[in-house]
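Engineer: Handing over my_file-v3.txt, compact mmCIF, C-alpha atoms.
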```
# COMPACT_ATOMS: atom_id res chain seq x y z
CA MET A 1 3.32 54.02 -38.99
CA LYS A 2 4.79 52.20 -41.95
CA LYS A 3 3.52 48.81 -43.06
CA TRP A 4 6.66 46.95 -42.01
CA GLN A 5 6.40 48.54 -38.58
CA TRP A 6 2.79 47.35 -38.25
CA ILE A 7 3.86 43.84 -39.24
CA SER A 8 6.72 43.91 -36.75
CA LEU A 9 4.45 45.15 -33.98
CA VAL A 10 1.77 42.54 -34.65
CA SER A 11 4.41 39.81 -34.86
CA PHE A 12 5.91 40.93 -31.57
CA LEU A 13 2.49 40.97 -29.89
CA LEU A 14 1.68 37.51 -31.24
CA LEU A 15 4.98 36.17 -30.00
CA ALA A 16 4.43 37.78 -26.62
CA ALA A 17 0.93 36.31 -26.41
CA LEU A 18 2.24 32.91 -27.43
CA ALA A 19 5.02 33.11 -24.81
CA TRP A 20 2.49 34.13 -22.17
CA LEU A 21 0.22 31.22 -23.09
CA TRP A 22 3.20 28.86 -23.12
CA LEU A 23 4.37 29.90 -19.66
CA ARG A 24 0.87 29.94 -18.21
CA ASP A 25 -0.11 26.87 -16.22
CA GLU A 26 -3.69 25.63 -16.19
CA PRO A 27 -5.92 25.61 -13.08
CA LEU A 28 -6.27 22.43 -11.08
CA LEU A 29 -9.29 20.35 -12.01
CA ALA A 30 -12.00 20.18 -9.36
CA ASP A 31 -11.42 16.42 -8.94
CA ALA A 32 -7.68 16.96 -8.55
CA ARG A 33 -8.28 19.58 -5.83
CA ALA A 34 -10.61 17.17 -4.04
CA TRP A 35 -8.09 14.32 -4.19
CA LEU A 36 -5.35 16.60 -2.84
CA GLN A 37 -7.35 17.51 0.26
CA ALA A 38 -5.83 16.16 3.46
CA PRO A 39 -7.92 14.66 6.30
CA PRO A 40 -9.07 17.15 8.94
CA ALA A 41 -6.27 18.00 11.35
CA ALA A 42 -8.57 17.48 14.36
CA ALA A 43 -9.43 13.86 13.43
CA GLU A 44 -8.58 11.27 16.08
CA SER A 45 -7.79 7.56 15.81
CA VAL A 46 -6.62 5.50 18.75
CA ALA A 47 -5.78 2.68 16.33
CA TYR A 48 -3.52 4.96 14.29
CA TYR A 49 -1.58 6.12 17.35
CA GLN A 50 -1.18 2.57 18.64
CA LEU A 51 0.00 1.26 15.29
CA LEU A 52 2.50 4.10 14.99
CA GLY A 53 3.83 3.36 18.48
CA LEU A 54 3.66 -0.43 18.26
CA ASP A 55 7.45 -0.74 18.45
CA ALA A 56 7.91 1.75 21.33
CA PRO A 57 10.42 0.61 23.99
CA ALA A 58 9.20 -2.03 26.42
CA GLY A 59 7.13 -0.60 29.24
CA GLN A 60 6.09 2.52 27.34
CA ASP A 61 2.55 3.31 26.20
CA PRO A 62 2.39 2.71 22.40
CA GLN A 63 -0.47 5.18 22.00
CA ALA A 64 1.48 7.96 23.73
CA ALA A 65 4.54 7.18 21.62
CA GLY A 66 2.47 7.33 18.44
CA ARG A 67 0.96 10.68 19.42
CA GLN A 68 4.42 12.06 20.09
CA LEU A 69 5.65 11.01 16.64
CA LEU A 70 2.65 12.57 14.90
CA ASP A 71 2.85 15.81 16.90
CA ALA A 72 6.54 16.18 15.98
CA HIS A 73 5.73 15.70 12.30
CA ARG A 74 2.84 18.17 12.36
CA GLN A 75 4.99 20.80 14.02
CA TRP A 76 7.76 20.30 11.46
CA ARG A 77 5.35 20.50 8.52
CA ALA A 78 3.85 23.70 9.89
CA GLU A 79 7.28 25.34 9.95
CA HIS A 80 8.95 23.93 6.81
CA GLY A 81 8.36 23.51 3.10
CA PHE A 82 7.27 20.25 1.51
CA SER A 83 10.78 19.52 0.24
CA ASP A 84 12.33 19.96 3.72
CA LEU A 85 12.24 16.49 5.24
CA LEU A 86 12.06 15.69 8.94
CA GLN A 87 14.95 13.43 9.89
CA PRO A 88 14.09 10.58 12.28
CA ALA A 89 15.85 10.42 15.62
CA ALA A 90 19.12 8.56 15.29
CA ALA A 91 19.11 4.98 16.63
CA ALA A 92 15.76 5.35 18.37
CA GLU A 93 15.18 2.69 21.01
CA ARG A 94 12.54 0.08 20.09
CA ILE A 95 10.96 -2.96 21.67
CA GLU A 96 12.88 -6.17 21.09
CA LEU A 97 11.54 -8.30 18.22
CA PRO A 98 11.67 -12.12 18.26
CA ALA A 99 14.68 -13.30 16.29
CA GLY A 100 14.52 -16.44 14.20
CA LEU A 101 10.78 -17.01 14.60
CA CYS A 102 9.57 -18.58 11.36
CA ALA A 103 6.10 -18.22 9.88
CA LEU A 104 4.01 -21.39 10.25
CA GLY A 105 3.20 -21.35 6.55
CA GLU A 106 6.86 -21.75 5.62
CA PRO A 107 7.91 -25.32 4.73
CA GLY A 108 9.49 -26.99 7.75
CA CYS A 109 8.51 -24.29 10.25
CA LEU A 110 5.96 -26.37 12.13
CA GLN A 111 8.43 -29.18 12.71
CA GLN A 112 11.12 -26.69 13.73
CA LEU A 113 8.88 -25.20 16.41
CA ARG A 114 7.62 -28.58 17.63
CA ASP A 115 11.17 -29.85 18.00
CA ASN A 116 12.03 -27.07 20.49
CA PRO A 117 8.99 -26.62 22.80
CA ALA A 118 11.03 -25.15 25.65
CA GLN A 119 12.67 -22.64 23.35
CA LEU A 120 9.28 -21.68 21.92
CA ALA A 121 7.77 -21.22 25.38
CA GLY A 122 10.67 -18.99 26.37
CA LEU A 123 10.27 -16.95 23.19
CA LEU A 124 6.57 -16.41 23.85
CA ALA A 125 7.23 -15.39 27.45
CA ARG A 126 10.03 -13.01 26.48
CA HIS A 127 7.92 -11.24 23.85
CA ALA A 128 4.55 -11.37 25.61
CA GLU A 129 4.33 -7.56 25.67
CA LEU A 130 4.63 -7.30 21.88
CA ARG A 131 1.92 -9.91 21.35
CA GLN A 132 -0.35 -8.16 23.85
CA ARG A 133 0.19 -4.86 22.04
CA TYR A 134 -0.76 -6.55 18.77
CA GLU A 135 -3.97 -7.98 20.20
CA ASN A 136 -4.89 -4.62 21.77
CA LEU A 137 -4.17 -2.92 18.46
CA LEU A 138 -6.43 -5.11 16.37
CA ALA A 139 -9.23 -4.74 18.90
CA GLN A 140 -9.44 -1.04 17.95
CA SER A 141 -12.05 -0.22 15.33
CA ASP A 142 -11.37 3.43 14.51
CA TYR A 143 -8.32 3.25 12.24
CA ARG A 144 -7.68 6.29 10.07
CA THR A 145 -4.36 7.69 8.87
CA LEU A 146 -3.91 11.08 10.52
CA SER A 147 -0.56 12.24 9.10
CA GLN A 148 -0.32 14.59 6.14
CA PRO A 149 0.78 12.80 2.96
CA SER A 150 4.49 13.60 2.62
CA MET A 151 7.82 11.88 2.02
CA ASP A 152 8.71 12.13 5.71
CA GLU A 153 5.38 11.28 7.31
CA PRO A 154 5.80 8.90 10.26
CA LEU A 155 5.28 5.26 9.32
CA ALA A 156 4.59 2.24 11.46
CA ASN A 157 7.30 -0.36 11.90
CA TYR A 158 5.59 -3.05 9.84
CA THR A 159 8.25 -5.60 10.77
CA SER A 160 7.01 -5.44 14.37
CA LEU A 161 3.48 -6.04 13.09
CA ASP A 162 4.64 -9.11 11.16
CA ARG A 163 6.61 -10.54 14.10
CA ALA A 164 3.70 -9.99 16.48
CA ASN A 165 1.46 -11.89 14.07
CA ARG A 166 3.95 -14.78 14.09
CA LEU A 167 3.92 -14.78 17.88
CA LEU A 168 0.15 -15.15 17.87
CA ALA A 169 0.37 -18.09 15.45
CA ALA A 170 3.01 -19.68 17.70
CA GLN A 171 0.68 -19.23 20.69
CA ALA A 172 -2.05 -21.04 18.75
CA LEU A 173 0.40 -23.90 18.18
CA VAL A 174 1.18 -24.12 21.90
CA LEU A 175 -2.54 -24.25 22.72
CA ALA A 176 -3.10 -26.95 20.12
CA GLU A 177 -0.15 -29.00 21.37
CA GLY A 178 -1.66 -28.80 24.84
CA GLY A 179 -4.89 -30.37 23.63
CA LEU A 180 -6.69 -27.04 23.21
CA GLY A 181 -7.06 -27.16 19.45
CA ALA A 182 -10.43 -25.41 19.50
CA ALA A 183 -8.94 -22.54 21.50
CA GLY A 184 -5.98 -22.29 19.11
CA LEU A 185 -8.34 -22.18 16.14
CA ALA A 186 -10.51 -19.54 17.85
CA LEU A 187 -7.43 -17.39 18.45
CA LEU A 188 -6.43 -17.49 14.77
CA GLN A 189 -9.97 -17.07 13.47
CA GLN A 190 -10.46 -14.00 15.66
CA ASP A 191 -7.23 -12.60 14.22
CA VAL A 192 -8.52 -13.23 10.70
CA ARG A 193 -11.79 -11.49 11.51
CA GLN A 194 -10.07 -8.44 12.98
CA LEU A 195 -7.51 -8.20 10.19
CA ARG A 196 -10.33 -8.27 7.65
CA GLU A 197 -12.08 -5.45 9.49
CA TRP A 198 -8.84 -3.46 9.34
CA LEU A 199 -8.43 -4.30 5.66
CA GLY A 200 -11.82 -2.74 4.99
CA ARG A 201 -10.78 0.49 6.75
CA ALA A 202 -7.15 0.80 5.64
CA ASP A 203 -6.66 4.05 3.73
CA ASN A 204 -3.01 3.80 2.74
CA LEU A 205 -1.35 1.40 0.34
CA ILE A 206 1.47 0.11 2.58
CA LEU A 207 -0.91 -0.85 5.38
CA LYS A 208 -3.38 -2.39 2.92
CA MET A 209 -0.72 -4.66 1.45
CA MET A 210 0.66 -5.51 4.89
CA LEU A 211 -2.78 -6.61 6.03
CA VAL A 212 -3.04 -8.81 2.95
CA ARG A 213 0.23 -10.49 3.98
CA LEU A 214 -0.90 -10.97 7.58
CA LEU A 215 -4.21 -12.46 6.50
CA ALA A 216 -2.40 -14.83 4.16
CA ALA A 217 -0.08 -15.84 7.01
CA ASP A 218 -3.03 -16.60 9.30
CA LEU A 219 -4.75 -18.71 6.65
CA ASP A 220 -1.50 -20.59 6.04
CA ALA A 221 -1.05 -21.18 9.79
CA ILE A 222 -4.58 -22.57 10.15
CA ALA A 223 -4.04 -24.82 7.12
CA VAL A 224 -0.73 -26.18 8.45
CA LEU A 225 -2.07 -26.87 11.94
CA HIS A 226 -5.26 -28.42 10.58
CA ASP A 227 -3.29 -30.61 8.22
CA ALA A 228 -1.18 -31.80 11.19
CA GLY A 229 -4.35 -32.80 13.04
CA LEU A 230 -3.86 -30.12 15.69
CA LEU A 231 -6.88 -27.95 14.83
CA PRO A 232 -10.47 -28.83 13.97
CA ARG A 233 -11.71 -27.90 10.52
CA PRO A 234 -12.11 -24.11 10.34
CA ALA A 235 -15.26 -22.32 9.27
CA ALA A 236 -15.46 -21.22 5.65
CA GLN A 237 -14.36 -17.69 4.83
CA PRO A 238 -16.37 -15.39 2.54
CA ALA A 239 -14.75 -13.73 -0.45
CA LEU A 240 -13.35 -10.24 0.05
CA SER A 241 -15.99 -7.54 0.28
CA GLU A 242 -16.00 -4.33 -1.76
CA ALA A 243 -14.56 -2.41 1.19
CA GLU A 244 -11.80 -5.00 1.68
CA ARG A 245 -10.84 -4.83 -2.00
CA SER A 246 -11.18 -1.07 -2.34
CA LEU A 247 -8.08 1.03 -2.95
CA GLN A 248 -10.01 4.31 -3.10
CA GLY A 249 -8.52 5.81 0.07
CA ALA A 250 -5.09 4.38 -0.66
CA MET A 251 -5.01 5.88 -4.15
CA GLN A 252 -6.14 9.27 -2.86
CA ARG A 253 -3.23 9.31 -0.41
CA GLU A 254 -0.77 8.15 -3.09
CA PHE A 255 -2.04 10.85 -5.45
CA ALA A 256 -1.80 13.52 -2.74
CA LEU A 257 1.74 12.47 -1.88
CA VAL A 258 2.88 12.64 -5.51
CA GLY A 259 0.73 15.68 -6.28
CA PHE A 260 2.13 17.81 -3.47
CA GLY A 261 5.63 16.91 -4.61
CA LEU A 262 4.89 17.85 -8.21
CA MET A 263 3.28 21.12 -7.13
CA THR A 264 6.30 22.25 -5.12
CA LEU A 265 9.08 21.37 -7.56
CA LEU A 266 9.33 24.94 -8.85
CA ASP A 267 9.67 26.25 -5.29
CA ASN A 268 12.67 24.04 -4.59
CA PRO A 269 15.89 25.81 -5.67
CA GLN A 270 17.64 22.44 -6.07
CA THR A 271 15.21 21.13 -8.69
CA ALA A 272 16.70 22.99 -11.64
CA SER A 273 20.28 21.98 -10.81
CA GLU A 274 19.29 18.34 -10.28
CA LEU A 275 17.63 18.32 -13.69
CA GLY A 276 20.54 20.12 -15.37
CA VAL A 277 18.58 23.22 -16.44
CA LEU A 278 18.36 26.87 -15.37
CA ARG A 279 15.42 27.99 -13.22
CA TRP A 280 13.96 30.16 -15.98
CA GLN A 281 14.20 27.20 -18.37
CA LEU A 282 12.38 25.02 -15.87
CA ARG A 283 9.36 27.29 -16.04
CA TRP A 284 9.27 26.84 -19.82
CA LEU A 285 9.53 23.06 -19.55
CA TYR A 286 7.36 22.29 -16.55
CA LYS A 287 3.72 23.10 -15.64
CA PRO A 288 3.01 21.67 -12.19
CA GLN A 289 -0.79 21.92 -12.20
CA MET A 290 -1.03 20.51 -15.71
CA THR A 291 1.17 17.62 -14.60
CA VAL A 292 -1.04 16.93 -11.59
CA ASN A 293 -4.18 17.07 -13.75
CA ASP A 294 -2.66 14.60 -16.22
CA SER A 295 -1.65 12.26 -13.38
CA LEU A 296 -5.08 11.98 -11.79
CA PRO A 297 -6.72 9.55 -14.30
CA ALA A 298 -4.14 6.83 -13.54
CA TYR A 299 -4.90 6.91 -9.81
CA ARG A 300 -8.64 7.12 -10.37
CA ARG A 301 -8.43 4.14 -12.73
CA VAL A 302 -6.77 2.02 -10.04
CA ALA A 303 -9.37 3.05 -7.46
CA ASN A 304 -12.15 2.04 -9.86
CA ALA A 305 -10.38 -1.15 -10.91
CA SER A 306 -10.17 -2.29 -7.29
CA GLN A 307 -13.94 -2.84 -7.44
CA LEU A 308 -13.75 -5.17 -10.46
CA ASP A 309 -14.33 -8.89 -10.12
CA THR A 310 -11.47 -11.21 -11.00
CA ALA A 311 -12.48 -11.79 -14.62
CA ALA A 312 -12.90 -8.06 -15.27
CA PHE A 313 -9.56 -7.36 -13.58
CA VAL A 314 -7.80 -9.81 -15.91
CA ARG A 315 -9.37 -8.09 -18.91
CA SER A 316 -8.28 -4.69 -17.59
CA LEU A 317 -4.64 -5.83 -17.69
CA GLN A 318 -4.81 -5.70 -21.49
CA SER A 319 -5.32 -1.92 -21.47
CA PRO A 320 -2.43 0.52 -20.82
CA ALA A 321 -1.88 1.54 -17.20
CA ARG A 322 -2.33 5.21 -18.08
CA ALA A 323 -3.30 7.28 -21.10
CA GLU A 324 -0.70 9.45 -22.81
CA PRO A 325 -1.29 13.22 -22.68
CA SER A 326 -2.04 14.79 -26.05
CA LEU A 327 0.83 15.88 -28.28
CA TRP A 328 0.08 19.55 -27.56
CA ARG A 329 0.23 18.95 -23.79
CA ARG A 330 3.48 17.01 -24.11
CA VAL A 331 5.01 19.84 -26.17
CA ARG A 332 3.90 22.50 -23.69
CA ASN A 333 4.89 20.44 -20.66
CA PRO A 334 7.69 18.08 -21.74
CA LEU A 335 9.29 17.71 -18.32
CA GLY A 336 5.91 17.28 -16.64
CA ALA A 337 4.97 14.51 -19.07
CA ILE A 338 8.14 12.61 -18.14
CA LEU A 339 7.79 13.21 -14.40
CA GLY A 340 4.15 12.17 -14.48
CA GLN A 341 5.11 8.84 -16.02
CA VAL A 342 7.97 8.24 -13.60
CA ALA A 343 5.94 9.22 -10.53
CA THR A 344 3.09 6.81 -11.35
CA PRO A 345 4.13 3.20 -10.76
CA ASP A 346 2.31 0.16 -12.10
CA PHE A 347 -0.35 -0.42 -9.46
CA ASN A 348 -1.63 -3.61 -11.12
CA GLN A 349 0.65 -5.65 -8.86
CA TYR A 350 -1.22 -4.36 -5.82
CA LEU A 351 -4.61 -4.99 -7.39
CA ALA A 352 -3.44 -8.52 -8.19
CA ARG A 353 -2.51 -9.21 -4.56
CA LEU A 354 -6.11 -8.61 -3.49
CA HIS A 355 -7.39 -11.04 -6.12
CA ASP A 356 -4.65 -13.50 -5.17
CA LEU A 357 -5.84 -13.36 -1.56
CA ASP A 358 -9.35 -14.12 -2.82
CA ALA A 359 -7.87 -17.15 -4.59
CA LYS A 360 -6.27 -18.30 -1.31
CA LEU A 361 -9.68 -18.04 0.36
CA VAL A 362 -11.10 -20.37 -2.29
CA LEU A 363 -8.38 -22.92 -1.47
CA PHE A 364 -8.90 -22.37 2.26
CA ASN A 365 -12.56 -23.32 1.97
CA ALA A 366 -11.51 -26.65 0.42
CA LEU A 367 -9.47 -27.72 3.47
CA GLY A 368 -10.15 -31.35 4.35
CA GLN A 369 -10.06 -32.55 0.76
CA ALA A 370 -7.18 -34.79 -0.29
CA VAL A 371 -6.68 -32.50 -3.29
CA PRO A 372 -8.43 -29.12 -3.54
CA GLU A 373 -11.30 -29.70 -5.96
CA VAL A 374 -12.15 -26.06 -6.53
CA ASP A 375 -11.93 -23.90 -9.63
CA ASN A 376 -9.28 -21.24 -10.15
CA PRO A 377 -10.97 -17.80 -9.84
CA TYR A 378 -8.75 -16.63 -12.71
CA ARG A 379 -9.72 -19.56 -14.95
CA ALA A 380 -12.84 -21.52 -14.07
CA ASP A 381 -11.71 -24.61 -15.99
CA GLN A 382 -8.37 -24.85 -14.15
CA ARG A 383 -7.55 -26.48 -10.79
CA ALA A 384 -4.69 -25.75 -8.41
CA SER A 385 -1.36 -27.46 -9.04
CA TRP A 386 1.15 -28.83 -6.53
CA ASP A 387 4.21 -26.68 -5.76
CA ALA A 388 6.85 -28.92 -4.17
CA LYS A 389 9.04 -25.98 -3.12
CA ARG A 390 6.25 -24.27 -1.22
CA GLN A 391 4.67 -27.58 -0.13
CA ALA A 392 1.37 -26.08 -1.20
CA TYR A 393 -1.30 -26.14 -3.85
CA CYS A 394 -1.25 -22.98 -5.94
CA PHE A 395 -3.48 -21.37 -8.53
CA ALA A 396 -1.99 -19.90 -11.67
CA GLY A 397 -2.61 -16.20 -12.23
CA PRO A 398 -1.92 -13.37 -14.68
CA LEU A 399 0.95 -11.80 -12.69
CA ALA A 400 3.85 -13.14 -10.64
CA ASP A 401 3.04 -14.21 -7.06
CA LYS A 402 6.31 -13.94 -5.14
CA GLN A 403 4.55 -13.98 -1.76
CA GLY A 404 2.59 -17.17 -2.42
CA LEU A 405 -0.75 -15.45 -1.96
CA ARG A 406 -2.41 -17.82 -4.44
CA CYS A 407 -1.06 -20.85 -2.54
CA LEU A 408 -2.11 -22.77 0.56
CA PRO A 409 -0.03 -25.38 2.44
CA TRP A 410 -1.38 -28.89 1.93
CA THR A 411 -0.55 -32.54 2.39
CA PRO A 412 1.64 -33.61 -0.55
CA PRO A 413 -0.21 -35.61 -3.19
CA ALA A 414 0.30 -39.35 -3.24
CA ALA A 415 3.19 -40.44 -5.44
CA SER A 416 1.93 -41.84 -8.72
```
Can you give me the file's structure in the form of structure tokens?
Structural biologist:
Amino acid sequence: MKKWQWISLVSFLLLAALAWLWLRDEPLLADARAWLQAPPAAAESVAYYQLLGLDAPAGQDPQAAGRQLLDAHRQWRAEHGFSDLLQPAAAAERIELPAGLCALGEPGCLQQLRDNPAQLAGLLARHAELRQRYENLLAQSDYRTLSQPSMDEPLANYTSLDRANRLLAAQALVLAEGGLGAAGLALLQQDVRQLREWLGRADNLILKMMLVRLLAADLDAIAVLHDAGLLPRPAAQPALSEAERSLQGAMQREFALVGFGLMTLLDNPQTASELGVLRWQLRWLYKPQMTVNDSLPAYRRVANASQLDTAAFVRSLQSPARAEPSLWRRVRNPLGAILGQVATPDFNQYLARLHDLDAKLVLFNALGQAVPEVDNPYRADQRASWDAKRQAYCFAGPLADKQGLRCLPWTPPAAS
């Protein structure tokens, strides 16, 4: 064989080897495989079924309704690909939710409810079944998400959870107005205790954040009723525990949801057309397992950061949310690098809500003072300031607080 033929052959083999290496994906990391594992299919949770069926039509068993929803999803997932989504039943009948019932922590809500006692009593009577479902739900202590992480997994109607919580606060008001302030306080404090137990067990991000909102609403309701002289001074609340702050389970589910989607993109015939490339080009531009491996550190970082104290959390905000893949990995997997960035939101806002709730607990423990004389957990040398719009004292924090989690309703300060 002539020299030029040898050179041509070697060049061809090198190019072929390079193309093979370029097209070849890498194996999933052991940690990534572990985080993608779904909970055992045989696991049971009465609390999960009841939460899923909380908004079932009046007279139906919420637990049975929740089981039916999960069974339908499991059957669909067993027979269809990840990208085939189960469509919910059209206009499914649900239990009636109370319309126009304000949250006690909202400015003016207490007076609005006190001005219409007959209307409030009728509202509580009409929606007694929803409130009873809520109390039965929180009494369960075995919550665990049983559905497979997917875009179409059945979700609870969290609006019904919120409205049921408002009904319970309204019931506490009725008790207090009837001279049973201690009973009203006991009702709300039991709700706080049970919600905190649920917060420590919650293993998905939506539920975790919803529980934060419900806890904040209960603390606001107690503060408003205490300030009005309707409730005795409540017992102090401890700071959130490690389990209550932890986002480990929530981040594992979020990672699994995104990871399964990334892993099945090549199997979906619509992916290439949606991205404006041919299917053979997609395989050159996208390595699913490499993308999943590169995505894992961002989710693990959030899980670890959820165990930081407030000062350490503030310092962590100075570092980037996720590390960039190396130049070589971005060249080999350009589409994956982009998708990995897009599919990973900024979870700092969720971490902040947990620390904001801790800040509300600090304010809550100062109830009874004319002005809360307690230090801001974010800045020890800073006190809470009056927010006239919220009619509350609020702590400043590193991120925006649209839900008022760092605030607590209070008597307005005396005019200077």
Engineer: What is the CA of Tyr378 (chain A)-CA of Glu197 (chain A) distance in Å, reported with one decimal?
Structural biologist: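 Straight-line distance from CA of Tyr378 (chain A) to CA of Glu197 (chain A) works out to 25.1 Å.
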Engineer: Please provide as a ChimeraX atom specification all residues within 10 Å of region 160-167 of chain A, with the sequence filter that same-chain residues fewer than 3 positions apart are discarded (counting only C-alpha atoms).
Structural biologist: /A:51,54-55,94-104,120,123-124,127-135,137,156-157,170-173,188,191,210-211,213-215,217-218,221
Engineer: Tell me, as a list in words, which residues lie within 9 Å of Ser150 (chain A), counting all atoms listed in the file; anything in the same chain fewer than 6 positions away does not count.
Structural biologist: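 Listed by chain and then number, they are Phe82, Ser83, Leu85, Ala256, Leu257, Val258, Phe260 and Gly261 of chain A.
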Engineer: Extending 4 Å beyond the listed atoms of region 356-370 of chain A on each side, what axis-aligned box results? I want centre and edge lengths in Å to one decimal, as AutoDock Vina command-line options.
Structural biologist:
```
--center_x -8.6 --center_y -24.1 --center_z -0.4 --size_x 15.9 --size_y 29.4 --size_z 17.5
```
Engineer: Can you list, as an MDAnalysis selection string, every protein, DNA or RNA residue that comes within 9 Å of Gly81 (chain A) when you count all atoms listed in the file, leaving out same-chain residues fewer than 6 positions away?
Structural biologist: chainID A and resid 264 267:268
Engineer: Have a look at A:Gln148, A:Ser241, A:Ser316, A:Gln189 and name the one nearest to Leu357 (chain A); count only C-alpha atoms.
Structural biologist: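 Among the listed residues, A:Ser241 lies closest to Leu357 (chain A).
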Engineer: Please list as a list in words every residue within 9 Å of Gln194 (chain A), counting only C-alpha atoms and excluding residues in the same chain fewer than 2 positions away.
Structural biologist: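 So the residues in contact are Leu138, Ala139, Gln140, Ser141, Gln189, Gln190, Asp191, Val192, Arg196, Glu197, Trp198 and Leu199 of chain A.
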Engineer: List the spatial neighbours of region 306-311 of chain A as a compact mmCIF listing (two decimals) with C-alpha atoms, in the frame of the given file - criterion: any atom at most 6 Å away, all atoms listed in the file, same-chain residues fewer than 2 positions off excluded.
Structural biologist:
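Produced file out02.txt, reproduced below:
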```txt
# COMPACT_ATOMS: atom_id res chain seq x y z
CA ARG A 245 -10.84 -4.83 -2.00
CA SER A 246 -11.18 -1.07 -2.34
CA LEU A 247 -8.08 1.03 -2.95
CA ALA A 303 -9.37 3.05 -7.46
CA ASN A 304 -12.15 2.04 -9.86
CA PHE A 313 -9.56 -7.36 -13.58
CA VAL A 314 -7.80 -9.81 -15.91
```
Engineer: So, counting all atoms listed in the file, which residue among A:Ala298, A:Leu367, A:Val292, A:Ala305 is closest to Leu28 (chain A)?
Structural biologist: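 The closest residue to Leu28 (chain A) is A:Val292.
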Engineer: So which one's closest to Ala236 (chain A), A:Gln68, A:Asn136, A:Asn365, A:Asn376? Using only C-alpha atoms, please.
Structural biologist: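 Looking at the shortest contact to Ala236 (chain A), the residue is A:Asn365.
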